[in-house]
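Below is one structure, written out as structure tokens, with a few remarks after it.
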Amino acid sequence: MDEFKKLEIEKVIEYKDLIYKNNRELCDNSLGVIYGYNDYFNFLYSIDEKRNIFYLKGEYDSKKYSYYLPFLDNMNYLDYSLKYIENMALLEKEEPLTFCCVRNSLLPYLTSRYPNNEVYYERDWSDYLYFLNDLKDFKGNKFSSKRHQKNNFIKLYPHIIFKKVENNEINEELILKIKDFVIYFESKKNLSKIGELEENATLKLIHKIKDFNLDLFLLLDENKIIGVSVIEKVNNVVIEHIEKCHRMEYKGIYPYFIHKITSYYAEKYSNETLYLNREDDSGDEGLRYSKIELHPIELVHKYVFKVMNNLNFLDSIPEIIINEDYMIKNLEIKDKERYKKLVDDKEINKYFYLVDEVVPSFDSHTLYNNLINSLKKKESYSFFIYKKNKENNGSNSLVGEIILWNLTNDNKCEIGIRIFNEYSGKNIAYLALNSLFSYIKKNFNLTKIKIRYYKENSRSEKLFSRFNIEFIKEDKIYKYYELSL
């Protein structure tokens with residue numbers, strides 16, 4: 001698998017079908033946006049040729065890198081591909097791991113995988129989605145004004161030609177004429193930074209119309225270009241990347257142009273239900289008004305999803321070697337009954353549970369299933385300490401348990417530890433904690449552990465004082481510390 005590197009547009013074209021297959025009605029999942037805004041977002045890509053996966057990330061969030069959800073040929077590789085992204089984010093110290101351009105329908109899956117998260121969207125970047133047939137003839141009362149403007153344009157300017165430009169007609173001379181039109185068009189406006197960005201993207205995209213197999217439409221007043229539209233059809237969505245007309249000089253030109261373009265697609269793809277995506281409004285009030293006036297069926301929000309605790313990346317309990325005699329691993333099925341003894345022993349658990357915590361009694365089978373479910377839901381992680389018994393046919397002995405729980409959105413968690421009495425006072429707890437801390441720091445970039453213990457629990461105070469801890473506060477019952485890894 002390749003490392004992430006600067007986007008090569010040839011690769012985007014090569015993986016066009018894969019990108020289209022994963023399009024979720026967003027304009028961002030199209031060649032036009034990926035290429036047109038490449039210089040702004042500084043896209044990087046990686047390819048897994050064996051599994052046919054295309055990865056993409058860009059500077060979406062405050063110039064920090066955010067990942068697109070991977071473009072997949074086989075959804076069975078989704079978990080695999082997200083694990084790769086997690087590892088890359090940790091390696092590059094891209095914290096928090098951020099996904100951009102996430103469709104609403106995928107939020108439940110991501111929330112299940114990463115329960116510690118922040119999710120939001122910016123209204124300025126929501127795409128406007130329409131039924132294409134609604135805009136073909138502007139039927140119905142809600143479109144009466146647009147229908148009138150379109151019909152009035154036809155009466156006022158019967159000589160205007162609507163032209164679908166074929167690929168064999170696209171040459172340098174035509175491209176230069178379109179560029180001159182775009183530059184003239186934009187010169188009439190006081191361009192904001194967003195406007196300049198759009199102009200640059202437009203000029204870039206014009207040169208790739210033929211390479212990307214985009215559709216180019218023109219409105220001509222004799223030989224003068226008075227309207228330009230560049231469209232990319234992705235599955236059943238028609239994405240309008242460019243739409244520019246001489247609105248002030250030709251009244252009703254926009255409704256007329258939209259009518260002609262949508263009529264073209266409705267006729268060509270008469271057996272399909274098509275949608276028109278007119279992209280976002282970038283926060284421009286005039287543009288927002290004009291797009292709302294056409295009555296979108298949906299504002300397609302593009303969510304930003306941030307993973308706020310790296311322990312959410314942990315899917316299973318690893319094996320960690322403490323020394324030649326001890327190790328950390330998952331609970332062995334043979335030890336379900338012994339684990340119940342650890343849980344039920346009142347002396348061992350004297351300071352383990354919170355003061356007001358009600359601890360129900362479970363049978364060993366239920367306790368074991370609760371461990372599995374807590375791990376699956378990423379609510380808590382139980383790491384079990386084992387003694388390696390070479391003389392007992394290699395059977396390991398359960399020593400105790402370390403729990404990481406109460407994961408928070410500041411990339412921290414709490415910790416608890418309990419061990420059988422016969423193993424206390426042998427430095428095992430310290431060695432096990434030290435090994436676990438090294439593992440989670442190395443593999444998950446976790447830097448802080450929250451510690452809370454009863455004031456009278458001198459054993460915990462003695463144990464955790466051997467680490468780099470900082471006193472935070474105390475109350476009538478507990479002392480609170482943070483441990484730096």
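Labels used: A, B, ... for chains in the order of the structure tokens, numbers from 1 for residues in each chain, and numbers from 1 for ligands as shown.
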
Find the spatial neighbours of region 457-469 of chain A, counting only C-alpha atoms, within a cut-off of 10 Å - ignore same-chain residues fewer than 5 positions away - and output them as a count of residues only.
24

Those in region 204-388 of chain A with helix (DSSP H, G or I) from DSSP, as number ranges by chain
A: 204-206, 253-268, 285-292, 310-313, 333-344, 364-377

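The residue that comes closest to Leu342 (chain A), out of A:Asn200, A:Ser290, A:Asn421, A:Ser438 and on the basis of only C-alpha atoms, is A:Asn421.
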
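Using only C-alpha atoms, the smallest distance between any of A:Lys334, A:Lys155, A:Lys224, A:Lys244 and Glu198 (chain A) comes from A:Lys244.
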
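Proximity to Asn22 (chain A) at 6 Å, evaluated using only C-alpha atoms and with sequence-adjacent residues fewer than 2 positions away removed, yields Ile19, Tyr20 and Phe71 of chain A.
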
Written selection (N, CA and C atoms) as a CSV table (one decimal), in the first residue's frame:
chain,number,residue,atom,x,y,z
A,19,ILE,N,-14.5,6.0,-7.3
A,19,ILE,CA,-15.0,7.2,-6.7
A,19,ILE,C,-16.5,7.4,-6.9
A,20,TYR,N,-16.9,7.2,-8.2
A,20,TYR,CA,-18.4,7.3,-8.5
A,20,TYR,C,-19.2,6.3,-7.8
A,71,PHE,N,-12.9,5.2,-0.5
A,71,PHE,CA,-13.6,4.8,-1.6
A,71,PHE,C,-13.3,3.3,-1.9

Using only C-alpha atoms, find the one residue out of A:Phe4, A:Pro70, A:His365, A:Cys100 that sits nearest to Glu122 (chain A).
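Comparing A:Phe4, A:Pro70, A:His365, A:Cys100 against Glu122 (chain A), the winner is A:Cys100.
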
Contact residues around region 132-136 of chain A with only C-alpha atoms at 6 Å, ignoring same-chain residues under 6 positions, as a ChimeraX atom specification:
/A:259,262-263,274-276

Distance query region 166-178 of chain A at most 9 Å, only C-alpha atoms, self and fewer than 5 positions along chain excluded, as a tab-separated table (two decimals) with N, CA and C atoms, in the first residue's frame:
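Produced file result04.tsv, reproduced below:
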chain	number	residue	atom	x	y	z
A	183	ILE	N	-13.56	35.27	-16.72
A	183	ILE	CA	-12.80	36.37	-16.12
A	183	ILE	C	-13.61	37.66	-16.19
A	203	LEU	N	-11.56	27.99	-13.73
A	203	LEU	CA	-10.57	28.08	-14.81
A	203	LEU	C	-9.77	26.79	-14.93
A	206	ILE	N	-12.11	23.98	-16.63
A	206	ILE	CA	-12.37	24.17	-18.06
A	206	ILE	C	-11.37	23.39	-18.91
A	207	HIS	N	-10.13	23.33	-18.45
A	207	HIS	CA	-9.09	22.63	-19.21
A	207	HIS	C	-9.25	21.11	-19.15
A	209	ILE	N	-12.33	19.46	-19.16
A	209	ILE	CA	-13.66	19.04	-19.57
A	209	ILE	C	-13.61	17.75	-20.39
A	210	LYS	N	-12.69	17.72	-21.34
A	210	LYS	CA	-12.59	16.55	-22.22
A	210	LYS	C	-11.99	15.36	-21.48
A	213	ASN	N	-14.48	13.86	-19.22
A	213	ASN	CA	-15.74	13.53	-19.91
A	213	ASN	C	-16.92	14.25	-19.26
A	214	LEU	N	-16.72	15.55	-18.98
A	214	LEU	CA	-17.77	16.38	-18.43
A	214	LEU	C	-18.65	16.91	-19.56
A	215	ASP	N	-19.81	17.41	-19.21
A	215	ASP	CA	-20.71	17.99	-20.20
A	215	ASP	C	-20.60	19.51	-20.16
A	216	LEU	N	-20.39	20.11	-21.32
A	216	LEU	CA	-20.26	21.56	-21.45
A	216	LEU	C	-21.46	22.11	-22.22
A	224	LYS	N	-21.19	35.35	-29.40
A	224	LYS	CA	-20.83	35.80	-28.05
A	224	LYS	C	-21.35	34.81	-27.00
A	225	ILE	N	-20.45	34.38	-26.12
A	225	ILE	CA	-20.85	33.50	-25.02
A	225	ILE	C	-21.52	34.34	-23.94
A	228	VAL	N	-22.39	29.81	-19.43
A	228	VAL	CA	-21.54	28.60	-19.42
A	228	VAL	C	-21.99	27.72	-18.26

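Of the listed residues A:Glu470, A:Asp363, A:Glu272, A:Glu456, the one whose atoms come nearest to Val238 (chain A) is A:Glu272, with distances taken using only C-alpha atoms.
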
Looking at A:Lys412, A:Lys473, A:His301, A:Lys6, which one is nearest to Asn38 (chain A), with distances taken over only C-alpha atoms?
A:Lys6

Residues near region 105-110 of chain A, anyone? I mean within 10 Å using only C-alpha atoms, not counting same-chain ones fewer than 5 positions away, as a list in words.
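Once the nearby chain positions are removed, what remains is Arg24, Leu69, Phe99, Pro115, Asn117, Val119, Tyr303, Val304, Phe305, Lys306 and Val307 of chain A.
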
Go ahead and write the residues just picked, N, CA and C atoms, as a CSV table (one decimal), in the first residue's frame.
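Okay, part-v5.csv is ready:
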chain,number,residue,atom,x,y,z
A,24,ARG,N,-22.2,9.7,-2.6
A,24,ARG,CA,-23.4,9.7,-1.8
A,24,ARG,C,-24.1,11.0,-1.9
A,69,LEU,N,-14.2,9.4,3.8
A,69,LEU,CA,-14.4,8.0,4.0
A,69,LEU,C,-13.8,7.3,2.8
A,99,PHE,N,-13.0,13.0,10.0
A,99,PHE,CA,-13.6,12.6,8.7
A,99,PHE,C,-14.4,13.8,8.2
A,115,PRO,N,-17.6,5.9,19.7
A,115,PRO,CA,-18.6,6.5,20.6
A,115,PRO,C,-18.2,7.9,21.2
A,117,ASN,N,-17.1,11.2,20.3
A,117,ASN,CA,-17.0,11.9,19.1
A,117,ASN,C,-17.6,13.3,19.2
A,119,VAL,N,-19.6,15.9,16.3
A,119,VAL,CA,-20.2,15.9,15.0
A,119,VAL,C,-20.8,17.3,14.7
A,303,TYR,N,-21.2,16.4,7.0
A,303,TYR,CA,-20.8,16.4,8.4
A,303,TYR,C,-19.3,16.2,8.6
A,304,VAL,N,-18.8,16.9,9.6
A,304,VAL,CA,-17.5,16.7,10.1
A,304,VAL,C,-17.6,15.8,11.3
A,305,PHE,N,-16.8,14.7,11.3
A,305,PHE,CA,-16.9,13.7,12.4
A,305,PHE,C,-15.5,13.6,13.0
A,306,LYS,N,-15.4,14.0,14.3
A,306,LYS,CA,-14.1,13.9,15.0
A,306,LYS,C,-14.1,12.8,16.0
A,307,VAL,N,-13.1,12.0,16.0
A,307,VAL,CA,-12.9,11.0,17.0
A,307,VAL,C,-12.1,11.6,18.2
